[in-house]
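> My structure file start_5.cif, mmCIF, C-alpha atoms, is below:
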```cif
data_data
loop_
_atom_site.label_atom_id
_atom_site.label_comp_id
_atom_site.auth_asym_id
_atom_site.auth_seq_id
_atom_site.Cartn_x
_atom_site.Cartn_y
_atom_site.Cartn_z
CA MET A 1 4.34 -10.05 -12.59
CA SER A 2 4.13 -8.62 -9.15
CA THR A 3 7.59 -7.89 -7.91
CA LEU A 4 8.96 -6.57 -4.68
CA ASN A 5 10.10 -3.45 -6.53
CA ALA A 6 6.45 -2.69 -7.25
CA ALA A 7 5.69 -2.94 -3.53
CA ILE A 8 8.47 -0.46 -2.79
CA ASP A 9 7.17 1.85 -5.53
CA ALA A 10 3.67 1.74 -3.98
CA SER A 11 5.00 2.50 -0.49
CA ALA A 12 7.21 5.27 -1.86
CA SER A 13 4.21 6.89 -3.57
CA ALA A 14 2.42 6.79 -0.21
CA LEU A 15 5.39 8.46 1.50
CA ALA A 16 5.18 11.31 -1.04
CA ALA A 17 1.40 11.61 -0.60
CA GLU A 18 1.59 11.66 3.21
CA ARG A 19 4.36 14.25 3.04
CA ALA A 20 2.10 16.39 0.85
CA ARG A 21 -0.66 16.07 3.48
CA ILE A 22 1.73 17.21 6.23
CA GLU A 23 2.96 20.12 4.11
CA VAL A 24 -0.59 21.28 3.44
CA ALA A 25 -1.57 20.95 7.12
CA VAL A 26 1.52 22.97 8.09
CA SER A 27 0.70 25.76 5.64
CA ASN A 28 -2.90 25.79 6.89
CA LEU A 29 -1.65 26.18 10.47
CA ALA A 30 0.88 28.83 9.47
CA ASN A 31 -1.84 30.86 7.75
CA ALA A 32 -4.53 30.44 10.41
CA GLU A 33 -4.54 34.24 10.87
CA SER A 34 -3.60 35.43 7.38
CA THR A 35 -6.26 37.91 6.33
CA ARG A 36 -4.51 38.66 3.03
CA ALA A 37 -3.68 35.85 0.58
CA PRO A 38 -2.02 36.63 -2.81
CA ASP A 39 -5.50 37.19 -4.29
CA GLY A 40 -6.26 39.87 -1.67
CA ARG A 41 -8.93 37.82 0.14
CA PRO A 42 -8.36 35.96 3.43
CA TYR A 43 -6.47 32.66 3.17
CA ARG A 44 -8.66 29.60 2.60
CA ARG A 45 -7.93 26.21 4.14
CA ARG A 46 -6.49 23.70 1.65
CA ASP A 47 -7.09 19.97 1.49
CA VAL A 48 -5.23 17.15 -0.31
CA VAL A 49 -7.26 14.80 -2.54
CA LEU A 50 -5.74 11.30 -2.79
CA SER A 51 -6.50 8.75 -5.48
CA ALA A 52 -5.44 5.12 -5.86
CA THR A 53 -3.23 4.50 -8.92
CA PRO A 54 -1.90 1.07 -9.93
CA VAL A 55 1.89 0.94 -10.13
CA GLU A 56 1.79 -1.64 -12.93
CA THR A 57 -1.13 -0.67 -15.12
CA PHE A 58 -0.80 -3.79 -17.26
CA ASP A 59 -1.37 -6.18 -14.36
CA ALA A 60 -4.24 -4.10 -13.02
CA VAL A 61 -6.10 -4.38 -16.34
CA LEU A 62 -5.70 -8.16 -16.26
CA GLY A 63 -7.00 -8.31 -12.67
CA ARG A 64 -3.75 -9.75 -11.39
CA ALA A 65 -2.25 -9.03 -8.00
CA GLY A 66 -0.42 -5.79 -8.54
CA ALA A 67 0.76 -3.06 -6.25
CA ILE A 68 -1.64 -0.14 -5.95
CA GLY A 69 0.09 3.11 -5.19
CA VAL A 70 -1.42 6.43 -4.24
CA ALA A 71 -1.19 9.79 -5.96
CA VAL A 72 -2.11 13.33 -5.01
CA ALA A 73 -5.01 14.05 -7.38
CA GLY A 74 -5.06 17.71 -6.43
CA ILE A 75 -5.03 20.27 -3.67
CA VAL A 76 -8.42 21.91 -3.29
CA GLU A 77 -9.62 24.90 -1.29
CA ASP A 78 -12.06 24.27 1.53
CA ARG A 79 -15.43 25.78 0.58
CA ALA A 80 -16.40 26.56 4.19
CA PRO A 81 -17.02 30.31 4.69
CA ALA A 82 -14.41 32.43 6.45
CA ARG A 83 -14.98 33.03 10.15
CA GLN A 84 -16.10 36.52 11.17
CA ARG A 85 -14.43 38.19 14.13
CA TYR A 86 -15.40 41.53 15.61
CA GLU A 87 -12.24 43.62 15.67
CA PRO A 88 -12.89 47.22 14.50
CA SER A 89 -9.24 48.28 14.97
CA HIS A 90 -8.01 45.68 12.44
CA PRO A 91 -6.89 47.23 9.11
CA ASP A 92 -8.91 44.60 7.17
CA ALA A 93 -12.13 45.15 9.14
CA ASP A 94 -15.24 45.97 7.11
CA ALA A 95 -17.63 48.86 7.75
CA GLU A 96 -19.35 47.00 10.63
CA GLY A 97 -16.01 46.20 12.27
CA PHE A 98 -15.88 42.49 11.34
CA VAL A 99 -12.72 40.84 10.06
CA SER A 100 -12.87 37.75 7.81
CA VAL A 101 -10.45 35.24 9.34
CA PRO A 102 -9.35 32.05 7.49
CA ASN A 103 -11.59 28.99 7.97
CA VAL A 104 -8.75 27.05 9.62
CA ASP A 105 -9.37 25.00 12.75
CA PRO A 106 -6.02 24.29 14.46
CA ALA A 107 -7.36 21.14 16.16
CA GLU A 108 -8.44 19.69 12.81
CA GLU A 109 -5.02 20.40 11.30
CA MET A 110 -3.23 18.74 14.22
CA VAL A 111 -5.37 15.60 13.88
CA ASP A 112 -4.68 15.54 10.13
CA MET A 113 -0.97 15.91 10.76
CA VAL A 114 -0.81 13.10 13.33
CA SER A 115 -2.77 10.76 11.06
CA ALA A 116 -0.47 11.55 8.11
CA ALA A 117 2.62 11.03 10.28
CA ARG A 118 1.34 7.64 11.45
CA ALA A 119 0.58 6.56 7.88
CA TYR A 120 4.07 7.70 6.86
CA GLN A 121 5.55 5.57 9.62
CA ALA A 122 3.48 2.51 8.60
CA ASN A 123 4.70 2.80 5.02
CA LEU A 124 8.31 3.11 6.19
CA THR A 125 7.81 -0.14 8.13
CA ALA A 126 6.40 -1.74 4.98
CA ILE A 127 9.45 -0.67 2.98
CA SER A 128 11.85 -2.11 5.55
CA LEU A 129 9.90 -5.43 5.54
CA VAL A 130 10.11 -5.63 1.75
CA ARG A 131 13.80 -4.76 1.88
CA ASP A 132 14.37 -7.70 4.24
CA LEU A 133 12.69 -9.98 1.70
CA LEU A 134 14.84 -8.65 -1.14
CA GLN A 135 17.96 -9.15 0.96
CA ARG A 136 17.00 -12.75 1.73
CA ALA A 137 16.34 -13.44 -1.95
CA LEU A 138 19.82 -12.13 -2.78
CA GLU A 139 21.35 -14.41 -0.13
CA LEU A 140 20.33 -17.40 -2.28
CA GLY A 141 23.04 -16.47 -4.74
CA ARG A 142 25.74 -16.17 -2.13
CA GLY A 143 28.30 -18.91 -1.79
CA MET B 11 15.13 -41.86 -3.71
CA ASN B 12 15.21 -38.29 -4.94
CA GLU B 13 17.94 -36.89 -7.11
CA ILE B 14 20.03 -34.22 -5.45
CA GLY B 15 18.68 -31.35 -7.60
CA ASP B 16 15.12 -32.23 -6.56
CA ALA B 17 13.47 -30.08 -9.24
CA ALA B 18 9.95 -30.67 -7.90
CA LEU B 19 10.82 -29.42 -4.42
CA VAL B 20 12.72 -26.42 -5.78
CA ALA B 21 9.75 -25.53 -8.00
CA LEU B 22 7.43 -25.85 -5.01
CA LEU B 23 9.57 -23.54 -2.89
CA ARG B 24 9.80 -21.09 -5.77
CA ARG B 25 5.99 -20.98 -6.00
CA GLN B 26 5.75 -20.51 -2.24
CA MET B 27 8.09 -17.54 -2.46
CA THR B 28 6.16 -16.07 -5.40
CA HIS B 29 2.94 -16.36 -3.42
CA ALA B 30 4.53 -14.67 -0.40
CA VAL B 31 5.74 -11.84 -2.63
CA ALA B 32 2.24 -11.39 -4.12
CA ARG B 33 0.76 -11.12 -0.62
CA GLN B 34 3.46 -8.66 0.35
CA VAL B 35 2.82 -6.50 -2.72
CA VAL B 36 -0.95 -6.43 -2.19
CA ALA B 37 -0.56 -5.53 1.51
CA ALA B 38 1.90 -2.76 0.62
CA GLY B 39 -0.63 -1.38 -1.87
CA ASN B 40 -3.36 -1.43 0.79
CA LEU B 41 -1.11 0.33 3.27
CA ALA B 42 -0.23 2.97 0.68
CA ASN B 43 -3.93 3.76 0.30
CA ILE B 44 -4.77 3.98 3.99
CA ASP B 45 -6.16 7.50 3.54
CA THR B 46 -7.62 7.24 0.02
CA PRO B 47 -11.39 7.77 0.12
CA ASN B 48 -13.53 4.87 -1.19
CA PHE B 49 -10.53 2.52 -1.40
CA ARG B 50 -11.37 -1.09 -0.47
CA ALA B 51 -8.63 -3.32 0.93
CA ARG B 52 -7.68 -6.23 -1.34
CA GLU B 53 -6.15 -9.62 -0.64
CA VAL B 54 -4.68 -12.41 -2.75
CA ASP B 55 -7.44 -14.81 -3.73
CA PHE B 56 -5.67 -18.09 -2.97
CA ASP B 57 -8.51 -20.45 -4.01
CA VAL B 58 -9.07 -18.89 -7.42
CA THR B 59 -5.34 -18.61 -8.03
CA LEU B 60 -4.90 -22.26 -7.12
CA ASN B 61 -7.75 -23.30 -9.42
CA HIS B 62 -6.18 -21.38 -12.28
CA ALA B 63 -2.80 -22.93 -11.53
CA VAL B 64 -4.05 -26.53 -11.58
CA ALA B 65 -6.57 -25.98 -14.38
CA GLY B 66 -4.08 -27.04 -17.03
CA THR B 67 -3.59 -30.48 -15.45
CA LEU B 68 -7.28 -31.33 -14.93
CA VAL B 69 -9.18 -33.49 -17.42
CA THR B 70 -12.98 -33.42 -17.71
CA THR B 71 -14.40 -36.94 -17.75
CA HIS B 72 -18.04 -35.96 -17.31
CA PRO B 73 -20.12 -33.30 -19.12
CA ASP B 74 -21.10 -31.74 -15.79
CA HIS B 75 -17.47 -31.10 -14.84
CA LEU B 76 -16.45 -27.48 -14.72
CA THR B 77 -14.00 -26.48 -17.42
CA ALA B 78 -11.22 -24.07 -16.76
CA ALA B 79 -11.11 -20.81 -18.63
CA ALA B 80 -8.69 -21.03 -21.52
CA ASP B 81 -7.33 -17.57 -20.89
CA ALA B 82 -6.50 -18.13 -17.23
CA PRO B 83 -4.16 -15.35 -16.08
CA ALA B 84 -0.69 -16.43 -15.06
CA GLY B 85 -0.28 -14.42 -11.86
CA PRO B 86 -2.11 -14.48 -8.52
CA LEU B 87 -5.53 -12.83 -8.49
CA THR B 88 -6.93 -10.47 -5.89
CA ARG B 89 -10.34 -9.84 -4.40
CA GLU B 90 -11.80 -7.34 -1.98
CA THR B 91 -11.10 -8.34 1.61
CA ALA B 92 -14.34 -9.86 2.91
CA GLY B 93 -15.82 -8.68 6.18
CA ALA B 94 -13.53 -5.69 6.64
CA PRO B 95 -15.42 -2.82 8.28
CA VAL B 96 -15.70 0.25 6.07
CA ARG B 97 -14.93 3.66 7.54
CA ARG B 98 -17.04 6.73 6.91
CA ASP B 99 -14.82 7.79 4.01
CA GLY B 100 -15.51 4.47 2.25
CA ASN B 101 -12.06 3.07 3.04
CA SER B 102 -11.67 -0.41 4.55
CA VAL B 103 -7.89 -0.57 5.16
CA GLN B 104 -6.83 -1.49 8.69
CA ILE B 105 -3.24 -0.69 9.53
CA ASP B 106 -2.75 -3.63 11.93
CA ARG B 107 -4.27 -6.19 9.55
CA GLU B 108 -1.98 -5.08 6.69
CA LEU B 109 1.17 -5.00 8.81
CA LEU B 110 0.30 -8.46 10.15
CA ALA B 111 -0.21 -9.72 6.57
CA MET B 112 3.18 -8.29 5.61
CA THR B 113 4.95 -9.88 8.59
CA ASP B 114 3.18 -13.16 7.86
CA ALA B 115 4.23 -13.11 4.20
CA ALA B 116 7.79 -12.19 5.19
CA GLY B 117 7.88 -15.21 7.51
CA ASP B 118 6.64 -17.55 4.76
CA PHE B 119 9.20 -16.11 2.37
CA ALA B 120 12.02 -16.51 4.88
CA ARG B 121 11.06 -20.12 5.58
CA ALA B 122 11.02 -21.08 1.90
CA GLN B 123 14.26 -19.20 1.35
CA THR B 124 15.99 -21.04 4.21
CA VAL B 125 14.99 -24.43 2.82
CA LEU B 126 15.95 -23.42 -0.70
CA ALA B 127 19.34 -22.16 0.49
CA ALA B 128 19.94 -25.46 2.28
CA LYS B 129 19.02 -27.32 -0.91
CA PHE B 130 21.43 -25.23 -2.95
CA ARG B 131 24.15 -25.70 -0.34
CA LEU B 132 23.81 -29.46 -0.77
CA VAL B 133 24.17 -29.16 -4.55
CA ARG B 134 27.18 -26.88 -4.14
CA TYR B 135 28.72 -29.35 -1.68
CA ALA B 136 28.34 -32.18 -4.20
CA LEU B 137 29.73 -30.05 -7.02
CA SER B 138 32.83 -29.14 -5.05
CA GLU B 139 33.59 -32.83 -4.41
CA SER B 140 32.66 -32.69 -0.73
CA ARG B 141 35.24 -30.07 0.09
#
```
Would you mind writing the file out in structure tokens?

Amino acid sequence: MSTLNAAIDASASALAAERARIEVAVSNLANAESTRAPDGRPYRRRDVVLSATPVETFDAVLGRAGAIGVAVAGIVEDRAPARQRYEPSHPDADAEGFVSVPNVDPAEEMVDMVSAARAYQANLTAISLVRDLLQRALELGRG
Amino acid sequence: MNEIGDAALVALLRRQMTHAVARQVVAAGNLANIDTPNFRAREVDFDVTLNHAVAGTLVTTHPDHLTAAADAPAGPLTRETAGAPVRRDGNSVQIDRELLAMTDAAGDFARAQTVLAAKFRLVRYALSESR
């Protein structure tokens, strides 16, 4: 049975996923110049992988209308190579004077962040619409 | 002349509300997956759901008549939204279409709820001896 609670659960899962995207974009931006990550190499850009997950698995198996939420399947490192910058005075420069700088493109991160923020907003709107419906259903029992 | 409880009308309104909720739930699920790669937008398949709903009351009088599946699911069914353009990441969710579907379903729900509330008010009025 598809219920309004399932719709709220689906939207809430999207809020969490979009927040994860914003958090990852923020840490990418913050580390755009970090030449030393915990593993000693330059920081690598991270990306969120999203996957659709039914809120009510039972209904999904039967092919019925059920809410489909979203889950963060994992946070993966971008495989693009680190940028090389000629800066011989840098302490992390190699023998030729090149420094490996993280493969972060600030413009890309900003676009990601705006898109995640918009999606967050849309899901908030969805939640408030569903809440209105729930409220109206409750009004039926009022005297 | 209808009785005051009007069970048929109440059942009809109840089904209308259930249908509106199903549309709302499916649209919310689509909206949640607006950035999921390879996710295709879904919508409530009204025709198939209707066929399943009336299947129990139909009688076959000719061998060529279609018979309803015995294990017809009870709830509304969904299908992929037809004709929705697919983005490069394989996703076909459009934010405006889903929000419109949600507003639309909310309107249907509100309409049925208003009528149902009026119906109940009438019953309550009769029960309280017109006070």
> For the provided coordinates, the residues matched by the PyMOL selection byres ((chain A) within 9 of (chain B)) should be stated as a ChimeraX atom specification.
/A:1-8,10-15,17-18,49-52,54-55,59,62-70,115-116,119-120,122-123,125-127,129-130,132-133,136-137,139-141,143
> Calculate how many Å separate CA of Asn101 (chain B) from CA of Val111 (chain A), rounding to one decimal.
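About the pair CA of Asn101 (chain B) and CA of Val111 (chain A): they are 17.9 Å apart.
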> Would you kindly translate the PyMOL selection byres ((chain A and resi 47) around 7) into the concrete residues it picks from this file, as a PDB file with C-alpha atoms, in the coordinates of the input?

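Final output, saved to expr-v6.pdb:
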```pdb
ATOM      1  CA  VAL A  24      -0.590  21.280   3.440  1.00  0.00           C
ATOM      2  CA  ARG A  45      -7.930  26.210   4.140  1.00  0.00           C
ATOM      3  CA  ARG A  46      -6.490  23.700   1.650  1.00  0.00           C
ATOM      4  CA  VAL A  48      -5.230  17.150  -0.310  1.00  0.00           C
ATOM      5  CA  VAL A  49      -7.260  14.800  -2.540  1.00  0.00           C
ATOM      6  CA  ILE A  75      -5.030  20.270  -3.670  1.00  0.00           C
ATOM      7  CA  VAL A  76      -8.420  21.910  -3.290  1.00  0.00           C
ATOM      8  CA  GLU A  77      -9.620  24.900  -1.290  1.00  0.00           C
ATOM      9  CA  ASP A  78     -12.060  24.270   1.530  1.00  0.00           C
TER      10      ASP A  78
END
```
> What is the distance between CA of Asn103 (chain A) and CA of Pro81 (chain A), in Å to one decimal?
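Between these atoms lies a distance of 6.5 Å.
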> Grab the CA of Ala73 (chain A) to CA of Arg107 (chain B) distance for me, in Å with one decimal place.
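Answer for the CA of Ala73 (chain A) to CA of Arg107 (chain B) separation: 26.4 Å.
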> When you look at Ser89 (chain A) with a cut-off of 10 Å (counting all atoms listed in the file), what residues show up, excluding the ones that are within fewer than 4 positions of it in the same chain? I need them as JSON, numbers by chain.
{"A": [93, 97, 98, 99]}
> Residues within 9 Å of Arg50 (chain B), please, as an NGL selection string. Count all atoms listed in the file; anything in the same chain fewer than 4 positions from it doesn't count.
:B and (40 or 43 or 90-91 or 94 or 96 or 100-103)
> For this file, the PyMOL selection byres ((chain A and resi 32) around 12) selects which residues, as number ranges by chain?
A: 25-31, 33-37, 42-46, 82-83, 100-109
> Draw an axis-aligned box tight on the listed atoms of region 112-118 of chain B, then pad every side by 8 Å and write out centre and edge lengths in Å to one decimal as JSON.

```
{"center_x": 5.5, "center_y": -12.9, "center_z": 6.4, "size_x": 20.7, "size_y": 25.3, "size_z": 20.4}
```
